[in-house]
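Colleague: So here's data06.pdb, just PDB, C-alpha atoms (C1' of nucleotides):
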MODEL        1
ATOM      1  CA  MET M   1       1.656 -19.761 -13.925
ATOM      2  CA  ASN M   2       5.270 -18.616 -13.979
ATOM      3  CA  LEU M   3       4.923 -16.071 -11.226
ATOM      4  CA  GLU M   4       8.654 -15.625 -10.973
ATOM      5  CA  LEU M   5       8.947 -14.517 -14.590
ATOM      6  CA  GLN M   6       6.111 -12.057 -14.091
ATOM      7  CA  GLN M   7       7.904 -10.637 -11.080
ATOM      8  CA  PHE M   8      11.038 -10.326 -13.160
ATOM      9  CA  LYS M   9       9.189  -8.484 -15.920
ATOM     10  CA  ALA M  10       7.558  -6.201 -13.380
ATOM     11  CA  ASP M  11      10.950  -5.359 -11.880
ATOM     12  CA  PHE M  12      12.288  -4.607 -15.316
ATOM     13  CA  PHE M  13       9.446  -2.214 -16.114
ATOM     14  CA  LYS M  14       9.872  -0.663 -12.698
ATOM     15  CA  ALA M  15      13.424   0.202 -13.647
ATOM     16  CA  LEU M  16      12.029   2.186 -16.585
ATOM     17  CA  ALA M  17       9.246   3.775 -14.555
ATOM     18  CA  HIS M  18      10.826   7.140 -13.938
ATOM     19  CA  PRO M  19      11.133  10.102 -16.264
ATOM     20  CA  LEU M  20      14.777  10.746 -15.432
ATOM     21  CA  ARG M  21      15.695   7.157 -16.169
ATOM     22  CA  ILE M  22      13.881   7.325 -19.496
ATOM     23  CA  ARG M  23      15.762  10.542 -20.145
ATOM     24  CA  ILE M  24      19.105   8.902 -19.404
ATOM     25  CA  ILE M  25      18.387   6.026 -21.757
ATOM     26  CA  GLU M  26      17.325   8.376 -24.513
ATOM     27  CA  LEU M  27      20.424  10.526 -24.038
ATOM     28  CA  LEU M  28      22.594   7.436 -24.362
ATOM     29  CA  ARG M  29      20.984   6.699 -27.696
ATOM     30  CA  ASP M  30      23.260   9.277 -29.337
ATOM     31  CA  GLY M  31      26.316   7.537 -27.914
ATOM     32  CA  ASP M  32      28.062   6.818 -24.649
ATOM     33  CA  LYS M  33      28.230   9.666 -22.183
ATOM     34  CA  TYR M  34      30.033  10.598 -19.011
ATOM     35  CA  VAL M  35      27.970  11.251 -15.934
ATOM     36  CA  ASN M  36      28.660  14.976 -16.082
ATOM     37  CA  GLU M  37      27.504  15.090 -19.693
ATOM     38  CA  LEU M  38      24.268  13.406 -18.703
ATOM     39  CA  GLN M  39      23.919  15.822 -15.832
ATOM     40  CA  THR M  40      24.259  18.988 -17.887
ATOM     41  CA  HIS M  41      21.521  17.739 -20.192
ATOM     42  CA  MET M  42      19.286  16.789 -17.315
ATOM     43  CA  GLU M  43      19.619  19.820 -15.094
ATOM     44  CA  VAL M  44      19.509  17.985 -11.784
ATOM     45  CA  GLU M  45      22.070  17.396  -9.034
ATOM     46  CA  SER M  46      24.792  14.961  -9.990
ATOM     47  CA  SER M  47      23.925  12.766  -7.021
ATOM     48  CA  ILE M  48      20.477  12.283  -8.486
ATOM     49  CA  VAL M  49      21.974  11.205 -11.773
ATOM     50  CA  SER M  50      24.230   8.753  -9.957
ATOM     51  CA  GLN M  51      21.303   7.354  -8.038
ATOM     52  CA  GLN M  52      19.253   6.775 -11.144
ATOM     53  CA  LEU M  53      22.247   5.266 -12.913
ATOM     54  CA  ALA M  54      22.703   2.896  -9.989
ATOM     55  CA  ILE M  55      19.144   1.684 -10.446
ATOM     56  CA  LEU M  56      19.612   1.166 -14.175
ATOM     57  CA  ARG M  57      22.916  -0.606 -13.501
ATOM     58  CA  ALA M  58      21.318  -2.912 -10.956
ATOM     59  CA  LYS M  59      18.816  -4.036 -13.572
ATOM     60  CA  ASN M  60      21.527  -4.505 -16.166
ATOM     61  CA  ILE M  61      20.134  -1.828 -18.416
ATOM     62  CA  VAL M  62      23.297   0.279 -18.556
ATOM     63  CA  VAL M  63      26.992  -0.319 -17.887
ATOM     64  CA  GLY M  64      29.563   2.156 -16.674
ATOM     65  CA  VAL M  65      33.246   1.953 -17.610
ATOM     66  CA  LYS M  66      35.777   3.909 -15.685
ATOM     67  CA  GLU M  67      38.031   6.136 -17.796
ATOM     68  CA  GLY M  68      40.407   7.912 -15.487
ATOM     69  CA  ASN M  69      38.465  10.446 -13.594
ATOM     70  CA  LYS M  70      35.185   9.767 -15.295
ATOM     71  CA  VAL M  71      32.747   6.973 -15.924
ATOM     72  CA  ALA M  72      31.382   6.427 -19.399
ATOM     73  CA  TYR M  73      27.912   4.955 -19.519
ATOM     74  CA  SER M  74      26.285   3.012 -22.296
ATOM     75  CA  VAL M  75      23.105   1.047 -22.832
ATOM     76  CA  LYS M  76      23.676  -2.679 -22.598
ATOM     77  CA  ASP M  77      21.087  -3.965 -25.045
ATOM     78  CA  PRO M  78      20.011  -1.641 -27.868
ATOM     79  CA  LYS M  79      16.736  -3.544 -28.061
ATOM     80  CA  ILE M  80      15.604  -1.264 -25.294
ATOM     81  CA  TYR M  81      15.126   1.389 -27.957
ATOM     82  CA  ASP M  82      12.664  -0.881 -29.742
ATOM     83  CA  LEU M  83      10.795  -0.943 -26.468
ATOM     84  CA  LEU M  84      10.707   2.852 -26.240
ATOM     85  CA  GLU M  85       9.651   3.022 -29.871
ATOM     86  CA  VAL M  86       6.646   0.773 -29.250
ATOM     87  CA  ALA M  87       5.780   2.843 -26.186
ATOM     88  CA  LYS M  88       5.766   5.927 -28.393
ATOM     89  CA  GLU M  89       3.407   4.283 -30.869
ATOM     90  CA  ILE M  90       1.064   3.403 -28.037
ATOM     91  CA  PHE M  91       1.294   6.979 -26.847
ATOM     92  CA  ASN M  92       0.346   8.241 -30.302
ATOM     93  CA  ASN M  93      -2.615   5.864 -30.526
ATOM     94  CA  HIS M  94      -3.729   6.952 -27.106
ATOM     95  CA  LEU M  95      -3.391  10.573 -28.137
ATOM     96  CA  SER M  96      -5.411  10.211 -31.312
ATOM     97  CA  ASP M  97      -8.100   8.400 -29.321
ATOM     98  CA  THR M  98      -8.282  11.321 -26.949
ATOM     99  CA  ILE M  99      -8.410  13.823 -29.781
ATOM    100  CA  SER M 100     -11.217  12.069 -31.623
ATOM    101  CA  LEU M 101     -13.106  11.821 -28.356
ATOM    102  CA  LEU M 102     -12.796  15.575 -27.938
ATOM    103  CA  ASN M 103     -13.964  16.147 -31.507
ATOM    104  CA  GLN M 104     -16.965  13.925 -30.907
ATOM    105  CA  MET M 105     -17.874  15.918 -27.832
ATOM    106  CA  ASN M 106     -17.716  19.166 -29.767
ATOM    107  CA  GLU M 107     -20.075  17.878 -32.431
ATOM    108  CA  ASP M 108     -22.928  17.534 -29.934
TER     109      ASP M 108
ATOM    110  CA  MET W   1      13.384  17.874 -24.997
ATOM    111  CA  ASN W   2       9.973  16.246 -24.974
ATOM    112  CA  LEU W   3       9.538  16.008 -21.227
ATOM    113  CA  GLU W   4       5.859  15.229 -21.559
ATOM    114  CA  LEU W   5       6.508  12.148 -23.634
ATOM    115  CA  GLN W   6       9.120  10.974 -21.161
ATOM    116  CA  GLN W   7       6.649  11.382 -18.355
ATOM    117  CA  PHE W   8       4.069   9.449 -20.329
ATOM    118  CA  LYS W   9       6.486   6.622 -20.996
ATOM    119  CA  ALA W  10       7.482   6.513 -17.337
ATOM    120  CA  ASP W  11       3.853   6.431 -16.213
ATOM    121  CA  PHE W  12       3.101   3.792 -18.744
ATOM    122  CA  PHE W  13       5.945   1.562 -17.588
ATOM    123  CA  LYS W  14       4.906   2.195 -14.015
ATOM    124  CA  ALA W  15       1.500   0.788 -14.853
ATOM    125  CA  LEU W  16       3.221  -2.384 -16.001
ATOM    126  CA  ALA W  17       5.525  -2.519 -12.998
ATOM    127  CA  HIS W  18       3.536  -4.988 -10.956
ATOM    128  CA  PRO W  19       3.359  -8.762 -11.324
ATOM    129  CA  LEU W  20      -0.423  -8.929 -10.975
ATOM    130  CA  ARG W  21      -0.900  -6.308 -13.644
ATOM    131  CA  ILE W  22       1.427  -8.169 -15.989
ATOM    132  CA  ARG W  23      -0.604 -11.271 -15.197
ATOM    133  CA  ILE W  24      -3.875  -9.547 -16.040
ATOM    134  CA  ILE W  25      -2.558  -8.328 -19.367
ATOM    135  CA  GLU W  26      -1.235 -11.751 -20.241
ATOM    136  CA  LEU W  27      -4.536 -13.377 -19.303
ATOM    137  CA  LEU W  28      -6.397 -10.958 -21.556
ATOM    138  CA  ARG W  29      -4.224 -12.009 -24.457
ATOM    139  CA  ASP W  30      -6.384 -15.121 -24.858
ATOM    140  CA  GLY W  31      -9.493 -12.976 -25.089
ATOM    141  CA  ASP W  32     -11.705 -10.723 -23.029
ATOM    142  CA  LYS W  33     -12.473 -11.857 -19.515
ATOM    143  CA  TYR W  34     -14.835 -11.011 -16.690
ATOM    144  CA  VAL W  35     -13.333  -9.897 -13.418
ATOM    145  CA  ASN W  36     -14.266 -13.147 -11.728
ATOM    146  CA  GLU W  37     -12.571 -15.121 -14.486
ATOM    147  CA  LEU W  38      -9.416 -13.105 -13.965
ATOM    148  CA  GLN W  39      -9.716 -13.640 -10.259
ATOM    149  CA  THR W  40      -9.947 -17.428 -10.386
ATOM    150  CA  HIS W  41      -6.781 -17.507 -12.492
ATOM    151  CA  MET W  42      -4.964 -15.139 -10.178
ATOM    152  CA  GLU W  43      -5.862 -16.561  -6.796
ATOM    153  CA  VAL W  44      -6.151 -13.264  -4.958
ATOM    154  CA  GLU W  45      -9.092 -11.397  -3.401
ATOM    155  CA  SER W  46     -11.456  -9.886  -5.923
ATOM    156  CA  SER W  47     -10.934  -6.432  -4.473
ATOM    157  CA  ILE W  48      -7.248  -6.728  -5.292
ATOM    158  CA  VAL W  49      -8.100  -7.578  -8.877
ATOM    159  CA  SER W  50     -10.416  -4.574  -9.046
ATOM    160  CA  GLN W  51      -7.751  -2.322  -7.619
ATOM    161  CA  GLN W  52      -5.205  -3.411 -10.179
ATOM    162  CA  LEU W  53      -7.758  -3.129 -12.970
ATOM    163  CA  ALA W  54      -8.500   0.411 -11.855
ATOM    164  CA  ILE W  55      -4.836   1.281 -12.244
ATOM    165  CA  LEU W  56      -4.682  -0.249 -15.718
ATOM    166  CA  ARG W  57      -7.907   1.548 -16.632
ATOM    167  CA  ALA W  58      -6.575   4.880 -15.430
ATOM    168  CA  LYS W  59      -3.602   4.488 -17.769
ATOM    169  CA  ASN W  60      -5.879   3.497 -20.641
ATOM    170  CA  ILE W  61      -4.338   0.074 -20.921
ATOM    171  CA  VAL W  62      -7.572  -1.854 -20.471
ATOM    172  CA  VAL W  63     -11.270  -1.078 -20.849
ATOM    173  CA  GLY W  64     -14.171  -2.623 -18.990
ATOM    174  CA  VAL W  65     -17.610  -3.038 -20.558
ATOM    175  CA  LYS W  66     -20.571  -3.748 -18.387
ATOM    176  CA  GLU W  67     -22.581  -6.796 -19.353
ATOM    177  CA  GLY W  68     -25.433  -7.138 -16.927
ATOM    178  CA  ASN W  69     -24.011  -8.210 -13.663
ATOM    179  CA  LYS W  70     -20.468  -8.469 -14.865
ATOM    180  CA  VAL W  71     -17.752  -6.395 -16.434
ATOM    181  CA  ALA W  72     -15.816  -7.736 -19.387
ATOM    182  CA  TYR W  73     -12.282  -6.463 -19.671
ATOM    183  CA  SER W  74     -10.115  -6.215 -22.731
ATOM    184  CA  VAL W  75      -6.788  -4.702 -23.664
ATOM    185  CA  LYS W  76      -7.195  -1.384 -25.417
ATOM    186  CA  ASP W  77      -4.214  -1.366 -27.736
ATOM    187  CA  PRO W  78      -2.869  -4.765 -28.795
ATOM    188  CA  LYS W  79       0.490  -3.104 -29.385
ATOM    189  CA  ILE W  80       1.073  -3.703 -25.731
ATOM    190  CA  TYR W  81       1.787  -7.302 -26.626
ATOM    191  CA  ASP W  82       4.529  -6.113 -28.964
ATOM    192  CA  LEU W  83       5.941  -4.357 -25.958
ATOM    193  CA  LEU W  84       5.877  -7.509 -23.841
ATOM    194  CA  GLU W  85       7.428  -9.422 -26.696
ATOM    195  CA  VAL W  86      10.365  -7.031 -26.977
ATOM    196  CA  ALA W  87      10.724  -7.110 -23.203
ATOM    197  CA  LYS W  88      10.956 -10.884 -23.370
ATOM    198  CA  GLU W  89      13.735 -10.707 -25.941
ATOM    199  CA  ILE W  90      15.648  -8.341 -23.709
ATOM    200  CA  PHE W  91      15.250 -10.740 -20.769
ATOM    201  CA  ASN W  92      16.498 -13.597 -22.866
ATOM    202  CA  ASN W  93      19.597 -11.650 -23.912
ATOM    203  CA  HIS W  94      20.171 -10.657 -20.324
ATOM    204  CA  LEU W  95      19.689 -14.232 -19.219
ATOM    205  CA  SER W  96      22.104 -15.679 -21.739
ATOM    206  CA  ASP W  97      24.643 -13.018 -20.727
ATOM    207  CA  THR W  98      24.325 -14.142 -17.145
ATOM    208  CA  ILE W  99      24.669 -17.781 -18.103
ATOM    209  CA  SER W 100      27.796 -17.279 -20.195
ATOM    210  CA  LEU W 101      29.242 -15.204 -17.362
ATOM    211  CA  LEU W 102      28.639 -18.120 -15.016
ATOM    212  CA  ASN W 103      30.242 -20.523 -17.468
ATOM    213  CA  GLN W 104      33.275 -18.259 -17.736
ATOM    214  CA  MET W 105      33.602 -18.209 -13.988
ATOM    215  CA  ASN W 106      33.526 -21.980 -13.837
ATOM    216  CA  GLU W 107      36.284 -22.321 -16.416
ATOM    217  CA  ASP W 108      38.801 -20.528 -14.191
TER     218      ASP W 108
ATOM    219  C1'  DT H   1      51.146  16.728  -0.416
ATOM    220  C1'  DA H   2      47.095  19.505  -0.587
ATOM    221  C1'  DT H   3      43.285  20.726  -3.192
ATOM    222  C1'  DA H   4      39.872  20.232  -6.663
ATOM    223  C1'  DA H   5      36.828  17.567  -9.657
ATOM    224  C1'  DA H   6      33.948  13.509 -10.771
ATOM    225  C1'  DT H   7      31.239   9.967  -9.145
ATOM    226  C1'  DA H   8      29.086   7.141  -5.675
ATOM    227  C1'  DT H   9      26.831   6.177  -1.447
ATOM    228  C1'  DA H  10      24.454   7.001   3.223
ATOM    229  C1'  DG H  11      20.857   9.020   5.798
ATOM    230  C1'  DT H  12      16.342  10.803   6.026
ATOM    231  C1'  DA H  13      11.832  13.023   5.533
ATOM    232  C1'  DA H  14       7.996  13.225   2.351
ATOM    233  C1'  DA H  15       5.305  11.037  -1.087
ATOM    234  C1'  DA H  16       3.560   7.098  -3.438
ATOM    235  C1'  DT H  17       2.342   2.116  -3.654
ATOM    236  C1'  DT H  18       0.701  -2.079  -1.910
ATOM    237  C1'  DC H  19      -2.279  -5.132   0.592
ATOM    238  C1'  DA H  20      -5.975  -6.116   3.550
ATOM    239  C1'  DT H  21     -10.418  -5.013   5.298
ATOM    240  C1'  DA H  22     -14.648  -2.785   5.274
ATOM    241  C1'  DT H  23     -18.200  -0.671   2.827
ATOM    242  C1'  DA H  24     -20.867   0.703  -1.261
ATOM    243  C1'  DT H  25     -23.233   0.099  -5.632
ATOM    244  C1'  DA H  26     -25.498  -2.242  -9.363
ATOM    245  C1'  DC H  27     -27.797  -5.903 -11.231
ATOM    246  C1'  DA H  28     -30.299 -10.637 -10.811
ATOM    247  C1'  DT H  29     -33.142 -13.828  -8.741
ATOM    248  C1'  DT H  30     -36.422 -15.347  -5.549
TER     249       DT H  30
ATOM    250  C1'  DA F   1     -39.188  -5.950  -1.884
ATOM    251  C1'  DA F   2     -35.417  -8.905  -0.087
ATOM    252  C1'  DT F   3     -31.387 -11.411  -0.849
ATOM    253  C1'  DG F   4     -27.325 -12.819  -3.277
ATOM    254  C1'  DT F   5     -23.629 -11.997  -6.568
ATOM    255  C1'  DA F   6     -20.237  -9.203  -9.040
ATOM    256  C1'  DT F   7     -17.557  -5.293  -9.026
ATOM    257  C1'  DA F   8     -15.805  -0.977  -7.262
ATOM    258  C1'  DT F   9     -14.215   2.198  -3.913
ATOM    259  C1'  DA F  10     -12.621   3.990   0.751
ATOM    260  C1'  DT F  11      -9.586   3.611   4.538
ATOM    261  C1'  DG F  12      -5.484   2.775   6.889
ATOM    262  C1'  DA F  13      -1.058   0.316   8.023
ATOM    263  C1'  DA F  14       3.217  -1.294   6.142
ATOM    264  C1'  DT F  15       6.524  -0.841   2.699
ATOM    265  C1'  DT F  16       8.979   1.307  -1.110
ATOM    266  C1'  DT F  17      10.457   5.193  -3.817
ATOM    267  C1'  DT F  18      11.892   9.720  -4.312
ATOM    268  C1'  DA F  19      14.525  13.919  -3.544
ATOM    269  C1'  DC F  20      17.499  16.236  -0.876
ATOM    270  C1'  DT F  21      21.743  16.826   1.829
ATOM    271  C1'  DA F  22      25.877  15.372   3.506
ATOM    272  C1'  DT F  23      29.769  12.547   3.184
ATOM    273  C1'  DA F  24      33.101   9.294   1.033
ATOM    274  C1'  DT F  25      36.145   7.675  -2.629
ATOM    275  C1'  DT F  26      38.944   7.996  -6.523
ATOM    276  C1'  DT F  27      41.691  10.392  -9.680
ATOM    277  C1'  DA F  28      43.850  14.688 -11.487
ATOM    278  C1'  DT F  29      46.479  18.726 -10.774
ATOM    279  C1'  DA F  30      48.596  22.783  -8.538
TER     280       DA F  30
ENDMDL
END
Could you spell out this file's structure in structure tokens?
Modeller:
Amino acid sequence: MNLELQQFKADFFKALAHPLRIRIIELLRDGDKYVNELQTHMEVESSIVSQQLAILRAKNIVVGVKEGNKVAYSVKDPKIYDLLEVAKEIFNNHLSDTISLLNQMNED
Amino acid sequence: MNLELQQFKADFFKALAHPLRIRIIELLRDGDKYVNELQTHMEVESSIVSQQLAILRAKNIVVGVKEGNKVAYSVKDPKIYDLLEVAKEIFNNHLSDTISLLNQMNED
DNA sequence: TATAAATATAGTAAAATTCATATATACATT
DNA sequence: AATGTATATATGAATTTTACTATATTTATA
């Protein structure tokens, strides 16, 4: 069934499947930022930031608007933060599973 | 800032970044399934299914329970379906953006 | 105009992922 | 015990992604 839609979803998740791209999205949560502002927070070469932004742009996750010298980036659909929120909840569940497993092991 | 969590999120999304793995998760939504059941729905070699299941297992997204000859798989944390649901909403927004853009272009 | 600053892109080597095939392991049945 | 079935893993080739470096493009400023 609907293989094309599954491919589309996979591509979308692939766009999020990199720590620097997650970082960019989370930085943009506090408001639009210029590339250099992103860079100083991320502590990597500016070309790397541009590359990752290009990937996010290609998947329509962020948009860049030129303002003179600079380019201001913003997240296109704020629902993406709901997505990250759910991911965090899953992370927490996963973590508490791991912890209780460790506790169990120590009881023996 | 929380680099570890960003890495987790990235890894997690990476686990979802493949159409067959999306397919598996969606198939498991209707209830636990044996590998061969998954396979007949997916129309790929069984070794491919196993490989993809191994990836999902490694990221703690699914669990397999041995039942005699077979292994029954289930999704570990149903919250993952919340995630897919939010993703779908984002696609729909994106899609309707694209459509209205196309309409605009036709008006000119 | 020449130079600097900000951003983007091209090229490339290394690393990771995918897919196919072959092999291994565990359980069931005869 | 021997064979068949279900699942998992190993291996390797092809492809994709990443990270780095160099270069290009646009705008601002001396």
Colleague: Give me, as a PyMOL selection string, the residues of chain M touching chain W, with the criterion being at most 10 Å (counting only C-alpha atoms).
Modeller: chain M and resi 1-23+26+41-42+59-61+76-94
Colleague: With C-alpha atoms retained, write the just-selected residues as a compact mmCIF listing (two decimals), keeping the file's coordinate frame.
Modeller:
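Okay, part.txt is ready:
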# COMPACT_ATOMS: atom_id res chain seq x y z
CA MET M 1 1.66 -19.76 -13.92
CA ASN M 2 5.27 -18.62 -13.98
CA LEU M 3 4.92 -16.07 -11.23
CA GLU M 4 8.65 -15.62 -10.97
CA LEU M 5 8.95 -14.52 -14.59
CA GLN M 6 6.11 -12.06 -14.09
CA GLN M 7 7.90 -10.64 -11.08
CA PHE M 8 11.04 -10.33 -13.16
CA LYS M 9 9.19 -8.48 -15.92
CA ALA M 10 7.56 -6.20 -13.38
CA ASP M 11 10.95 -5.36 -11.88
CA PHE M 12 12.29 -4.61 -15.32
CA PHE M 13 9.45 -2.21 -16.11
CA LYS M 14 9.87 -0.66 -12.70
CA ALA M 15 13.42 0.20 -13.65
CA LEU M 16 12.03 2.19 -16.58
CA ALA M 17 9.25 3.78 -14.56
CA HIS M 18 10.83 7.14 -13.94
CA PRO M 19 11.13 10.10 -16.26
CA LEU M 20 14.78 10.75 -15.43
CA ARG M 21 15.70 7.16 -16.17
CA ILE M 22 13.88 7.32 -19.50
CA ARG M 23 15.76 10.54 -20.14
CA GLU M 26 17.32 8.38 -24.51
CA HIS M 41 21.52 17.74 -20.19
CA MET M 42 19.29 16.79 -17.32
CA LYS M 59 18.82 -4.04 -13.57
CA ASN M 60 21.53 -4.50 -16.17
CA ILE M 61 20.13 -1.83 -18.42
CA LYS M 76 23.68 -2.68 -22.60
CA ASP M 77 21.09 -3.96 -25.04
CA PRO M 78 20.01 -1.64 -27.87
CA LYS M 79 16.74 -3.54 -28.06
CA ILE M 80 15.60 -1.26 -25.29
CA TYR M 81 15.13 1.39 -27.96
CA ASP M 82 12.66 -0.88 -29.74
CA LEU M 83 10.80 -0.94 -26.47
CA LEU M 84 10.71 2.85 -26.24
CA GLU M 85 9.65 3.02 -29.87
CA VAL M 86 6.65 0.77 -29.25
CA ALA M 87 5.78 2.84 -26.19
CA LYS M 88 5.77 5.93 -28.39
CA GLU M 89 3.41 4.28 -30.87
CA ILE M 90 1.06 3.40 -28.04
CA PHE M 91 1.29 6.98 -26.85
CA ASN M 92 0.35 8.24 -30.30
CA ASN M 93 -2.62 5.86 -30.53
CA HIS M 94 -3.73 6.95 -27.11
Colleague: Just how far from CA of Val49 in chain W is C1' of DT29 in chain H, in Å to one decimal?
Modeller: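 Taking C1' of DT29 in chain H and CA of Val49 in chain W, their separation equals 25.8 Å.
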Colleague: Please superimpose chain W upon chain M, fitting all C-alpha atoms matched one to one in order, and report the result as an mmCIF file with C-alpha atoms, in the frame of the given file.
Modeller:
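The result, written out as superposed30.cif:
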data_model
loop_
_atom_site.group_PDB
_atom_site.id
_atom_site.type_symbol
_atom_site.label_atom_id
_atom_site.label_comp_id
_atom_site.auth_asym_id
_atom_site.auth_seq_id
_atom_site.Cartn_x
_atom_site.Cartn_y
_atom_site.Cartn_z
ATOM 1 C CA MET W 1 2.277 -19.722 -14.748
ATOM 2 C CA ASN W 2 5.711 -18.180 -15.090
ATOM 3 C CA LEU W 3 5.590 -15.964 -12.030
ATOM 4 C CA GLU W 4 9.307 -15.316 -12.176
ATOM 5 C CA LEU W 5 9.103 -13.846 -15.643
ATOM 6 C CA GLN W 6 6.202 -11.655 -14.595
ATOM 7 C CA GLN W 7 8.206 -10.394 -11.674
ATOM 8 C CA PHE W 8 11.130 -9.695 -13.965
ATOM 9 C CA LYS W 9 8.959 -7.769 -16.386
ATOM 10 C CA ALA W 10 7.433 -5.774 -13.543
ATOM 11 C CA ASP W 11 10.853 -4.942 -12.112
ATOM 12 C CA PHE W 12 12.084 -4.025 -15.515
ATOM 13 C CA PHE W 13 9.194 -1.653 -16.162
ATOM 14 C CA LYS W 14 9.660 -0.239 -12.694
ATOM 15 C CA ALA W 15 13.208 0.658 -13.636
ATOM 16 C CA LEU W 16 11.811 2.650 -16.538
ATOM 17 C CA ALA W 17 9.092 4.259 -14.450
ATOM 18 C CA HIS W 18 10.854 7.523 -13.769
ATOM 19 C CA PRO W 19 11.240 10.525 -16.060
ATOM 20 C CA LEU W 20 14.931 11.023 -15.297
ATOM 21 C CA ARG W 21 15.692 7.408 -16.053
ATOM 22 C CA ILE W 22 13.821 7.627 -19.344
ATOM 23 C CA ARG W 23 15.838 10.762 -20.035
ATOM 24 C CA ILE W 24 19.124 9.004 -19.334
ATOM 25 C CA ILE W 25 18.270 6.143 -21.651
ATOM 26 C CA GLU W 26 17.235 8.511 -24.400
ATOM 27 C CA LEU W 27 20.423 10.533 -23.995
ATOM 28 C CA LEU W 28 22.498 7.373 -24.307
ATOM 29 C CA ARG W 29 20.829 6.619 -27.606
ATOM 30 C CA ASP W 30 23.152 9.133 -29.278
ATOM 31 C CA GLY W 31 26.169 7.337 -27.866
ATOM 32 C CA ASP W 32 27.953 6.630 -24.621
ATOM 33 C CA LYS W 33 28.233 9.494 -22.183
ATOM 34 C CA TYR W 34 30.109 10.390 -19.028
ATOM 35 C CA VAL W 35 28.090 11.123 -15.932
ATOM 36 C CA ASN W 36 28.893 14.812 -16.117
ATOM 37 C CA GLU W 37 27.713 14.935 -19.718
ATOM 38 C CA LEU W 38 24.435 13.366 -18.678
ATOM 39 C CA GLN W 39 24.199 15.805 -15.831
ATOM 40 C CA THR W 40 24.603 18.950 -17.921
ATOM 41 C CA HIS W 41 21.794 17.752 -20.187
ATOM 42 C CA MET W 42 19.555 16.901 -17.268
ATOM 43 C CA GLU W 43 19.995 19.944 -15.074
ATOM 44 C CA VAL W 44 19.869 18.149 -11.744
ATOM 45 C CA GLU W 45 22.465 17.533 -9.015
ATOM 46 C CA SER W 46 25.115 15.020 -9.960
ATOM 47 C CA SER W 47 24.239 12.849 -6.989
ATOM 48 C CA ILE W 48 20.732 12.497 -8.377
ATOM 49 C CA VAL W 49 22.145 11.345 -11.690
ATOM 50 C CA SER W 50 24.334 8.820 -9.886
ATOM 51 C CA GLN W 51 21.395 7.556 -7.893
ATOM 52 C CA GLN W 52 19.307 6.999 -10.984
ATOM 53 C CA LEU W 53 22.235 5.389 -12.780
ATOM 54 C CA ALA W 54 22.655 3.024 -9.855
ATOM 55 C CA ILE W 55 19.057 1.916 -10.259
ATOM 56 C CA LEU W 56 19.488 1.353 -13.992
ATOM 57 C CA ARG W 57 22.736 -0.507 -13.317
ATOM 58 C CA ALA W 58 21.102 -2.744 -10.738
ATOM 59 C CA LYS W 59 18.531 -3.792 -13.337
ATOM 60 C CA ASN W 60 21.251 -4.381 -15.920
ATOM 61 C CA ILE W 61 19.912 -1.706 -18.205
ATOM 62 C CA VAL W 62 23.120 0.309 -18.378
ATOM 63 C CA VAL W 63 26.797 -0.381 -17.730
ATOM 64 C CA GLY W 64 29.449 2.046 -16.574
ATOM 65 C CA VAL W 65 33.098 1.717 -17.591
ATOM 66 C CA LYS W 66 35.728 3.606 -15.721
ATOM 67 C CA GLU W 67 37.985 5.759 -17.852
ATOM 68 C CA GLY W 68 40.454 7.469 -15.589
ATOM 69 C CA ASN W 69 38.605 10.049 -13.652
ATOM 70 C CA LYS W 70 35.296 9.468 -15.318
ATOM 71 C CA VAL W 71 32.761 6.756 -15.923
ATOM 72 C CA ALA W 72 31.346 6.230 -19.385
ATOM 73 C CA TYR W 73 27.844 4.843 -19.468
ATOM 74 C CA SER W 74 26.151 2.906 -22.207
ATOM 75 C CA VAL W 75 22.941 0.981 -22.672
ATOM 76 C CA LYS W 76 23.467 -2.739 -22.304
ATOM 77 C CA ASP W 77 20.869 -4.124 -24.669
ATOM 78 C CA PRO W 78 19.839 -1.875 -27.562
ATOM 79 C CA LYS W 79 16.540 -3.745 -27.667
ATOM 80 C CA ILE W 80 15.443 -1.319 -25.028
ATOM 81 C CA TYR W 81 15.020 1.214 -27.797
ATOM 82 C CA ASP W 82 12.612 -1.160 -29.519
ATOM 83 C CA LEU W 83 10.695 -1.107 -26.288
ATOM 84 C CA LEU W 84 10.572 2.687 -26.194
ATOM 85 C CA GLU W 85 9.546 2.714 -29.823
ATOM 86 C CA VAL W 86 6.587 0.411 -29.219
ATOM 87 C CA ALA W 87 5.672 2.471 -26.170
ATOM 88 C CA LYS W 88 5.624 5.561 -28.354
ATOM 89 C CA GLU W 89 3.255 3.917 -30.814
ATOM 90 C CA ILE W 90 0.934 3.020 -27.978
ATOM 91 C CA PHE W 91 0.987 6.631 -26.748
ATOM 92 C CA ASN W 92 0.186 7.873 -30.202
ATOM 93 C CA ASN W 93 -2.800 5.530 -30.496
ATOM 94 C CA HIS W 94 -3.945 6.575 -27.063
ATOM 95 C CA LEU W 95 -3.485 10.207 -27.976
ATOM 96 C CA SER W 96 -5.435 9.979 -31.205
ATOM 97 C CA ASP W 97 -8.204 8.154 -29.321
ATOM 98 C CA THR W 98 -8.379 11.026 -26.888
ATOM 99 C CA ILE W 99 -8.425 13.576 -29.676
ATOM 100 C CA SER W 100 -11.222 11.897 -31.616
ATOM 101 C CA LEU W 101 -13.160 11.586 -28.364
ATOM 102 C CA LEU W 102 -12.794 15.327 -27.874
ATOM 103 C CA ASN W 103 -13.912 15.981 -31.435
ATOM 104 C CA GLN W 104 -16.962 13.787 -30.902
ATOM 105 C CA MET W 105 -17.847 15.726 -27.802
ATOM 106 C CA ASN W 106 -17.639 18.997 -29.674
ATOM 107 C CA GLU W 107 -19.964 17.788 -32.413
ATOM 108 C CA ASP W 108 -22.857 17.343 -29.978
#
Colleague: For the interface of chain H with chain M (cut-off 9 Å, counting only C-alpha atoms (C1' of nucleotides)), please tabulate each contacting residue of chain H alongside its nearest pair of atoms and their separation in Å to one decimal, rows sorted by chain and increasing number, as a tab-separated table.
Modeller:
residue	atom	partner	partner_atom	distance
H:DA5	C1'	M:Asn69	CA	8.3
H:DA6	C1'	M:Lys70	CA	6.0
H:DT7	C1'	M:Ser50	CA	7.2
H:DA8	C1'	M:Ser50	CA	6.7
H:DT9	C1'	M:Gln51	CA	8.7
